[in-house]
Each structure stands twice: as C-alpha cells, then as structure tokens.
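Next up, structure27.cif (mmCIF, C-alpha atoms):
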```cif
data_start
loop_
_atom_site.group_PDB
_atom_site.id
_atom_site.type_symbol
_atom_site.label_atom_id
_atom_site.label_comp_id
_atom_site.auth_asym_id
_atom_site.auth_seq_id
_atom_site.Cartn_x
_atom_site.Cartn_y
_atom_site.Cartn_z
ATOM 1 C CA MET A 1 23.256 -74.060 -14.044
ATOM 2 C CA ALA A 2 23.045 -71.977 -10.919
ATOM 3 C CA GLY A 3 19.776 -71.746 -9.090
ATOM 4 C CA ARG A 4 19.086 -68.634 -7.006
ATOM 5 C CA GLY A 5 22.621 -67.486 -7.764
ATOM 6 C CA GLN A 6 24.416 -69.774 -5.327
ATOM 7 C CA GLU A 7 25.143 -73.088 -7.081
ATOM 8 C CA ARG A 8 27.656 -71.667 -9.538
ATOM 9 C CA PRO A 9 31.058 -73.199 -8.813
ATOM 10 C CA ALA A 10 33.748 -70.702 -8.031
ATOM 11 C CA GLY A 11 36.505 -72.687 -9.714
ATOM 12 C CA PRO A 12 40.223 -72.237 -9.199
ATOM 13 C CA SER A 13 41.669 -68.866 -10.074
ATOM 14 C CA ARG A 14 44.831 -66.956 -10.797
ATOM 15 C CA ALA A 15 45.933 -64.163 -8.519
ATOM 16 C CA ALA A 16 45.866 -61.294 -11.002
ATOM 17 C CA TRP A 17 42.988 -62.429 -13.156
ATOM 18 C CA PRO A 18 40.363 -65.135 -12.778
ATOM 19 C CA ASP A 19 42.263 -68.033 -13.869
ATOM 20 C CA ARG A 20 43.952 -70.793 -17.292
ATOM 21 C CA GLY A 21 41.721 -76.448 -30.540
ATOM 22 C CA THR A 22 42.882 -77.024 -33.238
ATOM 23 C CA ARG A 23 42.657 -75.032 -36.406
ATOM 24 C CA LYS A 24 40.819 -76.676 -39.279
ATOM 25 C CA GLU A 25 42.431 -76.758 -42.683
ATOM 26 C CA PRO A 26 40.157 -75.742 -45.583
ATOM 27 C CA THR A 27 38.585 -78.690 -47.375
ATOM 28 C CA ASP A 28 38.848 -76.927 -50.738
ATOM 29 C CA ARG A 29 42.555 -76.704 -51.513
ATOM 30 C CA ARG A 30 42.243 -75.024 -54.917
ATOM 31 C CA PRO A 31 43.805 -71.569 -55.323
ATOM 32 C CA SER A 32 41.508 -68.963 -53.874
ATOM 33 C CA SER A 33 40.993 -67.363 -57.284
ATOM 34 C CA GLN A 34 39.339 -70.588 -58.526
ATOM 35 C CA ARG A 35 36.870 -70.978 -55.639
ATOM 36 C CA THR A 36 33.248 -70.105 -56.183
ATOM 37 C CA GLY A 37 32.456 -66.604 -55.043
ATOM 38 C CA ARG A 38 36.100 -65.815 -54.269
ATOM 39 C CA THR A 39 38.366 -63.333 -55.991
ATOM 40 C CA SER A 40 42.122 -63.313 -56.197
ATOM 41 C CA ARG A 41 43.862 -62.271 -53.007
ATOM 42 C CA ARG A 42 46.116 -59.981 -55.017
ATOM 43 C CA THR A 43 45.052 -56.508 -56.012
ATOM 44 C CA ASP A 44 45.291 -55.106 -59.537
ATOM 45 C CA SER A 45 48.700 -53.720 -58.631
ATOM 46 C CA GLY A 46 49.913 -57.205 -57.737
ATOM 47 C CA GLU A 47 50.223 -56.430 -54.005
ATOM 48 C CA ARG A 48 48.642 -58.564 -51.338
ATOM 49 C CA PRO A 49 46.011 -56.693 -49.323
ATOM 50 C CA GLN A 50 46.645 -56.312 -45.600
ATOM 51 C CA ARG A 51 44.806 -58.788 -43.387
ATOM 52 C CA PRO A 52 42.216 -56.871 -41.335
ATOM 53 C CA ARG A 53 43.210 -56.505 -37.697
ATOM 54 C CA ARG A 54 41.006 -57.574 -34.841
ATOM 55 C CA ASP A 55 39.626 -54.684 -32.850
ATOM 56 C CA GLU A 56 41.733 -54.477 -29.712
ATOM 57 C CA PRO A 57 39.828 -53.708 -26.501
ATOM 58 C CA VAL A 58 40.921 -50.476 -24.844
ATOM 59 C CA LEU A 59 43.401 -50.930 -21.998
ATOM 60 C CA ALA A 60 43.549 -48.596 -19.010
ATOM 61 C CA ASP A 61 46.851 -46.749 -18.674
ATOM 62 C CA ASP A 62 47.544 -48.156 -15.223
ATOM 63 C CA ILE A 63 47.478 -51.820 -16.293
ATOM 64 C CA ASP A 64 50.936 -53.282 -15.821
ATOM 65 C CA PRO A 65 51.891 -56.692 -17.256
ATOM 66 C CA ALA A 66 53.839 -57.307 -14.056
ATOM 67 C CA ASP A 67 50.490 -57.478 -12.227
ATOM 68 C CA LEU A 68 49.796 -60.851 -13.824
ATOM 69 C CA ASP A 69 50.225 -63.905 -11.626
ATOM 70 C CA ARG A 70 53.820 -65.172 -11.641
ATOM 71 C CA ALA A 71 52.933 -68.647 -12.900
ATOM 72 C CA ALA A 72 50.920 -67.164 -15.743
ATOM 73 C CA ARG A 73 53.761 -64.820 -16.684
ATOM 74 C CA ALA A 74 56.125 -67.794 -16.761
ATOM 75 C CA GLU A 75 53.956 -69.418 -19.453
ATOM 76 C CA LEU A 76 54.220 -66.299 -21.581
ATOM 77 C CA ARG A 77 58.035 -66.331 -21.588
ATOM 78 C CA SER A 78 58.066 -68.473 -24.711
ATOM 79 C CA LEU A 79 56.776 -65.448 -26.626
ATOM 80 C CA PRO A 80 58.616 -62.295 -27.695
ATOM 81 C CA LYS A 81 58.589 -59.867 -24.773
ATOM 82 C CA THR A 82 56.501 -57.214 -26.509
ATOM 83 C CA LEU A 83 53.818 -59.759 -27.393
ATOM 84 C CA ALA A 84 53.969 -61.368 -23.946
ATOM 85 C CA ASP A 85 53.474 -57.996 -22.254
ATOM 86 C CA ARG A 86 50.568 -57.181 -24.521
ATOM 87 C CA ILE A 87 48.836 -60.449 -23.712
ATOM 88 C CA ALA A 88 49.581 -60.055 -20.014
ATOM 89 C CA ARG A 89 47.947 -56.629 -19.955
ATOM 90 C CA HIS A 90 44.772 -58.003 -21.506
ATOM 91 C CA LEU A 91 44.680 -60.877 -19.008
ATOM 92 C CA VAL A 92 45.075 -58.421 -16.145
ATOM 93 C CA ALA A 93 42.283 -56.302 -17.639
ATOM 94 C CA ALA A 94 40.091 -59.414 -17.804
ATOM 95 C CA GLY A 95 40.772 -60.101 -14.140
ATOM 96 C CA ARG A 96 39.883 -56.573 -13.117
ATOM 97 C CA SER A 97 36.546 -56.541 -14.884
ATOM 98 C CA VAL A 98 35.305 -60.131 -14.648
ATOM 99 C CA ASP A 99 33.142 -59.613 -11.551
ATOM 100 C CA GLU A 100 31.432 -56.362 -12.492
ATOM 101 C CA ARG A 101 31.690 -56.395 -16.296
ATOM 102 C CA PRO A 102 32.053 -59.987 -17.512
ATOM 103 C CA GLU A 103 31.386 -59.032 -21.145
ATOM 104 C CA THR A 104 34.316 -56.592 -21.039
ATOM 105 C CA ALA A 105 36.500 -59.253 -19.436
ATOM 106 C CA LEU A 106 35.492 -61.681 -22.162
ATOM 107 C CA ALA A 107 36.539 -59.238 -24.888
ATOM 108 C CA HIS A 108 40.012 -58.880 -23.351
ATOM 109 C CA ALA A 109 40.435 -62.638 -22.893
ATOM 110 C CA LYS A 110 39.203 -63.365 -26.412
ATOM 111 C CA TYR A 111 41.673 -60.889 -27.838
ATOM 112 C CA ALA A 112 44.524 -62.481 -25.862
ATOM 113 C CA ARG A 113 43.474 -65.913 -27.126
ATOM 114 C CA GLY A 114 43.693 -64.649 -30.694
ATOM 115 C CA LEU A 115 47.296 -63.606 -30.082
ATOM 116 C CA ALA A 116 48.447 -66.904 -28.529
ATOM 117 C CA PRO A 117 45.936 -69.723 -29.049
ATOM 118 C CA ARG A 118 48.502 -72.449 -28.282
ATOM 119 C CA LEU A 119 49.120 -71.339 -24.690
ATOM 120 C CA ALA A 120 47.076 -73.013 -21.965
ATOM 121 C CA VAL A 121 47.047 -69.941 -19.723
ATOM 122 C CA VAL A 122 45.381 -67.909 -22.479
ATOM 123 C CA ARG A 123 42.827 -70.594 -23.297
ATOM 124 C CA GLU A 124 42.100 -70.874 -19.576
ATOM 125 C CA ALA A 125 41.480 -67.147 -19.324
ATOM 126 C CA TYR A 126 39.081 -67.206 -22.231
ATOM 127 C CA GLY A 127 37.270 -70.267 -20.895
ATOM 128 C CA VAL A 128 36.732 -68.912 -17.401
ATOM 129 C CA THR A 129 35.638 -65.468 -18.537
ATOM 130 C CA ALA A 130 33.255 -67.039 -21.078
ATOM 131 C CA TYR A 131 31.776 -69.077 -18.228
ATOM 132 C CA ARG A 132 31.345 -65.998 -16.059
ATOM 133 C CA ALA A 133 29.671 -64.223 -18.983
ATOM 134 C CA GLY A 134 27.230 -67.111 -19.470
ATOM 135 C CA GLU A 135 28.773 -68.247 -22.769
ATOM 136 C CA TYR A 136 28.689 -71.902 -21.765
ATOM 137 C CA ALA A 137 29.424 -73.529 -25.119
ATOM 138 C CA THR A 138 32.529 -71.385 -25.598
ATOM 139 C CA ALA A 139 33.639 -71.945 -22.013
ATOM 140 C CA LEU A 140 33.250 -75.697 -22.324
ATOM 141 C CA ALA A 141 35.247 -75.861 -25.549
ATOM 142 C CA GLU A 142 38.087 -73.799 -24.103
ATOM 143 C CA LEU A 143 38.263 -75.660 -20.796
ATOM 144 C CA ARG A 144 38.270 -78.989 -22.614
ATOM 145 C CA ALA A 145 41.215 -77.734 -24.630
ATOM 146 C CA VAL A 146 43.028 -76.683 -21.456
ATOM 147 C CA ARG A 147 42.515 -80.124 -19.980
ATOM 148 C CA ARG A 148 43.920 -81.766 -23.116
ATOM 149 C CA MET A 149 46.908 -79.426 -23.097
ATOM 150 C CA THR A 150 47.744 -79.723 -19.399
ATOM 151 C CA GLY A 151 46.147 -82.920 -18.111
ATOM 152 C CA ASP A 152 44.797 -80.878 -15.190
ATOM 153 C CA PRO A 153 41.240 -81.831 -14.093
ATOM 154 C CA SER A 154 40.801 -78.736 -11.900
ATOM 155 C CA TYR A 155 38.005 -77.347 -14.066
ATOM 156 C CA LEU A 156 35.744 -80.393 -13.946
ATOM 157 C CA ALA A 157 33.192 -78.545 -11.808
ATOM 158 C CA MET A 158 33.059 -75.594 -14.149
ATOM 159 C CA MET A 159 32.840 -77.874 -17.191
ATOM 160 C CA ALA A 160 29.996 -79.813 -15.550
ATOM 161 C CA ASP A 161 28.152 -76.614 -14.762
ATOM 162 C CA CYS A 162 28.559 -75.536 -18.396
ATOM 163 C CA GLU A 163 26.774 -78.752 -19.343
ATOM 164 C CA ARG A 164 23.988 -77.801 -16.945
ATOM 165 C CA GLY A 165 23.838 -74.346 -18.486
ATOM 166 C CA LEU A 166 23.445 -75.991 -21.901
ATOM 167 C CA GLY A 167 20.558 -78.083 -20.595
ATOM 168 C CA ARG A 168 22.514 -81.351 -20.422
ATOM 169 C CA PRO A 169 22.408 -82.567 -16.792
ATOM 170 C CA ASP A 170 23.259 -86.136 -17.824
ATOM 171 C CA ARG A 171 26.589 -84.956 -19.219
ATOM 172 C CA ALA A 172 27.169 -82.923 -16.066
ATOM 173 C CA LEU A 173 26.705 -86.062 -13.987
ATOM 174 C CA ALA A 174 29.103 -87.972 -16.231
ATOM 175 C CA LEU A 175 31.778 -85.359 -15.514
ATOM 176 C CA ALA A 176 31.037 -85.596 -11.791
ATOM 177 C CA ARG A 177 31.845 -89.311 -12.034
ATOM 178 C CA ASP A 178 35.096 -88.743 -13.917
ATOM 179 C CA PRO A 179 37.828 -90.921 -12.336
ATOM 180 C CA GLU A 180 40.186 -87.948 -12.235
ATOM 181 C CA ALA A 181 37.842 -86.176 -9.821
ATOM 182 C CA LYS A 182 39.747 -88.036 -7.103
ATOM 183 C CA ARG A 183 42.755 -85.841 -7.902
ATOM 184 C CA LEU A 184 40.904 -82.615 -7.164
ATOM 185 C CA ALA A 185 41.782 -80.369 -4.244
ATOM 186 C CA PRO A 186 39.183 -80.338 -1.430
ATOM 187 C CA ALA A 187 37.686 -77.027 -2.575
ATOM 188 C CA ASP A 188 37.287 -78.295 -6.138
ATOM 189 C CA ARG A 189 35.676 -81.530 -4.927
ATOM 190 C CA VAL A 190 33.143 -79.454 -3.004
ATOM 191 C CA GLU A 191 32.375 -77.390 -6.087
ATOM 192 C CA LEU A 192 31.895 -80.544 -8.155
ATOM 193 C CA ALA A 193 29.523 -81.958 -5.536
ATOM 194 C CA ILE A 194 27.493 -78.733 -5.642
ATOM 195 C CA VAL A 195 27.173 -79.023 -9.415
ATOM 196 C CA GLU A 196 26.290 -82.711 -9.167
ATOM 197 C CA SER A 197 23.545 -81.864 -6.681
ATOM 198 C CA GLY A 198 22.228 -79.189 -9.029
ATOM 199 C CA ALA A 199 22.199 -81.625 -11.951
ATOM 200 C CA ARG A 200 20.203 -84.096 -9.875
ATOM 201 C CA ARG A 201 17.671 -81.359 -9.174
ATOM 202 C CA ASP A 202 17.551 -80.519 -12.884
ATOM 203 C CA ARG A 203 16.417 -84.118 -13.417
ATOM 204 C CA GLY A 204 13.846 -83.907 -10.618
ATOM 205 C CA GLU A 205 15.878 -86.216 -8.373
ATOM 206 C CA HIS A 206 15.564 -84.161 -5.209
ATOM 207 C CA ALA A 207 16.458 -86.882 -2.708
ATOM 208 C CA ALA A 208 19.585 -87.740 -4.696
ATOM 209 C CA ALA A 209 20.482 -84.045 -4.810
ATOM 210 C CA VAL A 210 20.603 -84.013 -1.010
ATOM 211 C CA VAL A 211 22.698 -87.190 -0.859
ATOM 212 C CA ALA A 212 25.219 -85.786 -3.355
ATOM 213 C CA LEU A 213 26.273 -83.196 -0.769
ATOM 214 C CA GLN A 214 26.506 -85.518 2.220
ATOM 215 C CA SER A 215 30.257 -85.880 2.541
ATOM 216 C CA PRO A 216 32.697 -85.389 5.424
ATOM 217 C CA ALA A 217 33.248 -81.854 4.149
ATOM 218 C CA LEU A 218 29.664 -80.985 5.082
ATOM 219 C CA HIS A 219 30.335 -81.645 8.766
ATOM 220 C CA ARG A 220 33.781 -80.110 9.181
ATOM 221 C CA GLN A 221 33.986 -78.012 12.337
ATOM 222 C CA ASP A 222 36.494 -75.524 10.929
ATOM 223 C CA VAL A 223 35.071 -73.011 8.481
ATOM 224 C CA GLN A 224 36.728 -73.073 5.057
ATOM 225 C CA ASP A 225 36.451 -70.698 2.104
ATOM 226 C CA TRP A 226 33.881 -73.017 0.568
ATOM 227 C CA THR A 227 31.836 -73.746 3.717
ATOM 228 C CA VAL A 228 29.210 -71.050 3.122
ATOM 229 C CA ARG A 229 28.567 -72.256 -0.416
ATOM 230 C CA LEU A 230 28.369 -75.912 0.574
ATOM 231 C CA TRP A 231 26.014 -75.314 3.500
ATOM 232 C CA TYR A 232 23.819 -73.068 1.399
ATOM 233 C CA ALA A 233 23.631 -75.627 -1.413
ATOM 234 C CA TYR A 234 22.698 -78.302 1.131
ATOM 235 C CA ALA A 235 19.996 -76.144 2.702
ATOM 236 C CA ASP A 236 18.652 -75.320 -0.765
ATOM 237 C CA ALA A 237 18.554 -78.999 -1.746
ATOM 238 C CA LEU A 238 16.739 -79.876 1.488
ATOM 239 C CA ALA A 239 14.152 -77.172 0.812
ATOM 240 C CA ASP A 240 13.590 -78.482 -2.717
ATOM 241 C CA ALA A 241 13.146 -81.968 -1.288
ATOM 242 C CA GLY A 242 10.402 -80.667 1.030
ATOM 243 C CA ARG A 243 12.488 -81.075 4.185
ATOM 244 C CA ASP A 244 11.771 -77.559 5.419
ATOM 245 C CA GLU A 245 12.692 -77.978 9.082
ATOM 246 C CA GLU A 246 16.144 -79.313 8.218
ATOM 247 C CA ALA A 247 16.546 -76.660 5.549
ATOM 248 C CA ARG A 248 15.705 -73.972 8.097
ATOM 249 C CA ARG A 249 18.432 -75.188 10.452
ATOM 250 C CA TRP A 250 21.043 -75.206 7.705
ATOM 251 C CA PHE A 251 20.030 -71.760 6.446
ATOM 252 C CA GLU A 252 20.426 -70.519 10.022
ATOM 253 C CA SER A 253 23.913 -72.006 10.112
ATOM 254 C CA VAL A 254 24.756 -70.293 6.820
ATOM 255 C CA ALA A 255 23.505 -66.938 8.090
ATOM 256 C CA SER A 256 25.631 -67.295 11.222
ATOM 257 C CA ILE A 257 28.900 -67.504 9.248
ATOM 258 C CA ASP A 258 28.091 -65.525 6.093
ATOM 259 C CA ASP A 259 29.728 -62.303 7.246
ATOM 260 C CA ASP A 260 30.245 -61.047 3.692
ATOM 261 C CA GLY A 261 26.641 -61.450 2.604
ATOM 262 C CA GLU A 262 27.561 -63.975 -0.062
ATOM 263 C CA THR A 263 24.162 -65.670 0.112
ATOM 264 C CA ASP A 264 20.510 -64.769 0.618
ATOM 265 C CA ALA A 265 20.174 -67.140 3.586
ATOM 266 C CA GLU A 266 18.301 -64.579 5.693
ATOM 267 C CA GLU A 267 15.767 -64.094 2.908
ATOM 268 C CA ARG A 268 15.338 -67.835 2.525
ATOM 269 C CA LEU A 269 14.676 -68.162 6.242
ATOM 270 C CA GLY A 270 11.938 -65.562 5.882
ATOM 271 C CA GLU A 271 10.382 -67.575 3.057
ATOM 272 C CA LEU A 272 10.417 -70.729 5.151
ATOM 273 C CA GLY A 273 8.844 -68.981 8.144
ATOM 274 C CA ASP A 274 9.089 -70.044 11.758
ATOM 275 C CA GLY A 275 7.944 -73.612 11.235
#
```
Have the structure of the file written as structure tokens, please.
Amino acid sequence: MAGRGQERPAGPSRAAWPDRGTRKEPTDRRPSSQRTGRTSRRTDSGERPQRPRRDEPVLADDIDPADLDRAARAELRSLPKTLADRIARHLVAAGRSVDERPETALAHAKYARGLAPRLAVVREAYGVTAYRAGEYATALAELRAVRRMTGDPSYLAMMADCERGLGRPDRALALARDPEAKRLAPADRVELAIVESGARRDRGEHAAAVVALQSPALHRQDVQDWTVRLWYAYADALADAGRDEEARRWFESVASIDDDGETDAEERLGELGDG
C-alpha cells in the first residue's frame, strides 16, 4: 500500500484508457416457485417480468469508440458492433476520468464488465480502475482473472500492491518472488521492486526494504520514465532505515530530475534538514 503517495505502482496501461471469473451455478436447482421465500417468475398474466437493467453511467457526447486503443478495439471485434461500440465508449470514459474521478471511472468500467465479462480487456479495465479507486479486493480478483485468461504476468506489481492494501504483506512478497516476474518488462520489474520494498517496510524490515531496490536499474545513467519513482522509493526506504545522509542525497537527485513535480522530494529534504 502506498506510503506518502509515491510507492503505488503505475502499472502498464492502454493508450485511450488506463489499461486490461466464473459464474457460480445456484446450489438449489428446484424451480424458483418451490424455493423458500421465492415466488414464481411468471406474473398472473403468465408473462415473464422484464429483468431489471443495470443503471448505465452517463456518457459525454464527445466520447467516440474509435478513441479506444487499437489493441483493445481488436478484442471487442468478437462482439456485435453496436455492443462493441457501447463497451468501447465506457472504456474511453473510464480512461478520461480515472486520474481525477476514479469512482466515476470505476462505474464505467464495471458497467462494461457487466456487458462482456468473458473479455480480458474488459476485466483488465475493471481491475485497474478498481485499484485506482482503492477497491483492492475487487482489483485483485479481476487482475487474477486477467492473468488466467491471458497468461500475462504484467500486473504482478499491481496485484502485489493490492495485497499490501489488504494488509497482507506476506502475500505481496510471494507475488514478488513469482517465477514469471523474470518475464516482466524493465518498467514492470521496477514497479514490482518498489512494492516489494514497501511490503518489507510493512513488516518492519527496513534494511531489507533498502536492499530490495538495489538493482542495476537504480544506477542507470539515462533517465527513464520510472527513474523518479525508483529513486524516490529508495530515498524513502533509506530514511525509514535511519540512513538520513544517504536519503538526503537521493532526495536531492530526485528533485533535480522531477520536472513535473511528481514527488514531494523538496518537502522531504526540508524535513531531513541540512544534516
């Protein structure tokens, strides 16, 4: 679970939205009219009542299904075009609102999942937006389903952080040791290391939290998209371990490259003082 707002893994994403279960059969198979507390599904006139519709989140007029990432749209081609476009619009809406209004994004993704629960791209959307909204149990269930459906381990970091959010650092560490972590792209390996470090800190293992981030990626000379987050996490772990002078140097390095103000490195330097 993120500390000070900077340990949360970014995770892979789709271009037009943040990025990608089985139904249980009833145990009582008697006709519904014979079940305790149930009435016949037919009305007095003999007609079946209409199944209530889910409330559909409102879509802005300018949302175009063509704005969805090409790979995601390709997954929707197995559906009738009208349904595919409807789902695509809700996924685009989720992508637009996930940063500022994660609850709104979650409503759109949940609705899309209800329309096509067998598609990995829809389950992925629901899982990621649930994660961003802090619904860790839901996010974990959906991302596990995506992994079963696709065999893709890309969301290991996010799944591990969900375990942290649920107060289960041991399970987070087990995911960090998953053999398939070796298949991850460099950015995803960095995110997983950040979560592993956070889980170590959750357990009070501050020295191990520092070691978890000591990889070749930490000392790369070229700045990557994930460099700010990795350096910040390392500085934060050093500070928690009581290594203030080292932490100060790393926070200074973060501040020197954090042009977008992604972190509070300057504030942390103020807290640490001049040494």
TODO: Using all atoms listed in the file, determine which residues lie at most 9 Å from A:Ala93, disregarding the query and same-chain residues fewer than 3 positions distant; provide the list as a list of chain:residue names.
DONE: A:Trp17, A:Leu59, A:Ala60, A:Ile63, A:Ala88, A:Arg89, A:His90, A:Arg96, A:Ser97, A:Val98, A:Thr104, A:Ala105, A:His108, A:Ala109
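Atom CA of A:Thr129 sits 18.8 Å away from atom CA of A:Glu75.
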Exercise for review: Report as a PyMOL selection string the full result of the PyMOL selection byres ((chain A and resi 203-220) around 12) when it is applied to this structure.
Suggested key: chain A and resi 7+164+167-173+176-177+186-202+221-243+246-247+250+253-254
Considering all atoms listed in the file, return as a PDB file with C-alpha atoms, in the frame of the given file whatever protein or nucleic-acid residues lie within 12 Å of A:Lys110, sequence-local ones (same chain, fewer than 3 positions apart) excluded.
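Done, and the output landed in out_4.pdb:
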```
ATOM      1  CA  ARG A  54      41.006 -57.574 -34.841  1.00  0.00           C
ATOM      2  CA  ASP A  55      39.626 -54.684 -32.850  1.00  0.00           C
ATOM      3  CA  GLU A  56      41.733 -54.477 -29.712  1.00  0.00           C
ATOM      4  CA  PRO A  57      39.828 -53.708 -26.501  1.00  0.00           C
ATOM      5  CA  ILE A  87      48.836 -60.449 -23.712  1.00  0.00           C
ATOM      6  CA  HIS A  90      44.772 -58.003 -21.506  1.00  0.00           C
ATOM      7  CA  LEU A  91      44.680 -60.877 -19.008  1.00  0.00           C
ATOM      8  CA  ALA A  93      42.283 -56.302 -17.639  1.00  0.00           C
ATOM      9  CA  ALA A  94      40.091 -59.414 -17.804  1.00  0.00           C
ATOM     10  CA  PRO A 102      32.053 -59.987 -17.512  1.00  0.00           C
ATOM     11  CA  GLU A 103      31.386 -59.032 -21.145  1.00  0.00           C
ATOM     12  CA  THR A 104      34.316 -56.592 -21.039  1.00  0.00           C
ATOM     13  CA  ALA A 105      36.500 -59.253 -19.436  1.00  0.00           C
ATOM     14  CA  LEU A 106      35.492 -61.681 -22.162  1.00  0.00           C
ATOM     15  CA  ALA A 107      36.539 -59.238 -24.888  1.00  0.00           C
ATOM     16  CA  ARG A 113      43.474 -65.913 -27.126  1.00  0.00           C
ATOM     17  CA  GLY A 114      43.693 -64.649 -30.694  1.00  0.00           C
ATOM     18  CA  LEU A 115      47.296 -63.606 -30.082  1.00  0.00           C
ATOM     19  CA  ALA A 116      48.447 -66.904 -28.529  1.00  0.00           C
ATOM     20  CA  PRO A 117      45.936 -69.723 -29.049  1.00  0.00           C
ATOM     21  CA  VAL A 122      45.381 -67.909 -22.479  1.00  0.00           C
ATOM     22  CA  ARG A 123      42.827 -70.594 -23.297  1.00  0.00           C
ATOM     23  CA  GLU A 124      42.100 -70.874 -19.576  1.00  0.00           C
ATOM     24  CA  ALA A 125      41.480 -67.147 -19.324  1.00  0.00           C
ATOM     25  CA  TYR A 126      39.081 -67.206 -22.231  1.00  0.00           C
ATOM     26  CA  GLY A 127      37.270 -70.267 -20.895  1.00  0.00           C
ATOM     27  CA  VAL A 128      36.732 -68.912 -17.401  1.00  0.00           C
ATOM     28  CA  THR A 129      35.638 -65.468 -18.537  1.00  0.00           C
ATOM     29  CA  ALA A 130      33.255 -67.039 -21.078  1.00  0.00           C
ATOM     30  CA  THR A 138      32.529 -71.385 -25.598  1.00  0.00           C
ATOM     31  CA  ALA A 139      33.639 -71.945 -22.013  1.00  0.00           C
ATOM     32  CA  GLU A 142      38.087 -73.799 -24.103  1.00  0.00           C
TER      33      GLU A 142
END
```
A straight line from atom CA of A:Arg147 to atom CA of A:Tyr131 spans 15.5 Å
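Atom CA of A:Glu135 is found 8.5 Å from atom CA of A:Cys162.
Closest approach to A:Arg248 from the set A:Asp69, A:Asp152, A:Glu266, A:Glu100 is made by A:Glu266, with distances taken over only C-alpha atoms.
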Where's the centre, and what are the edge lengths in Å to one decimal, of a box along x, y and z enclosing all listed atoms of stretch 70-82 of chain A padded 6 Å per side, as JSON?
```
{"center_x": 54.8, "center_y": -63.3, "center_z": -19.7, "size_x": 19.7, "size_y": 24.2, "size_z": 28.1}
```
- Query: Hey, what comes out of the PyMOL selection byres ((chain A and resi 65) around 6) on this file? Could you write it as a ChimeraX atom specification?
  - Reply: /A:64,66-68,85,88-89
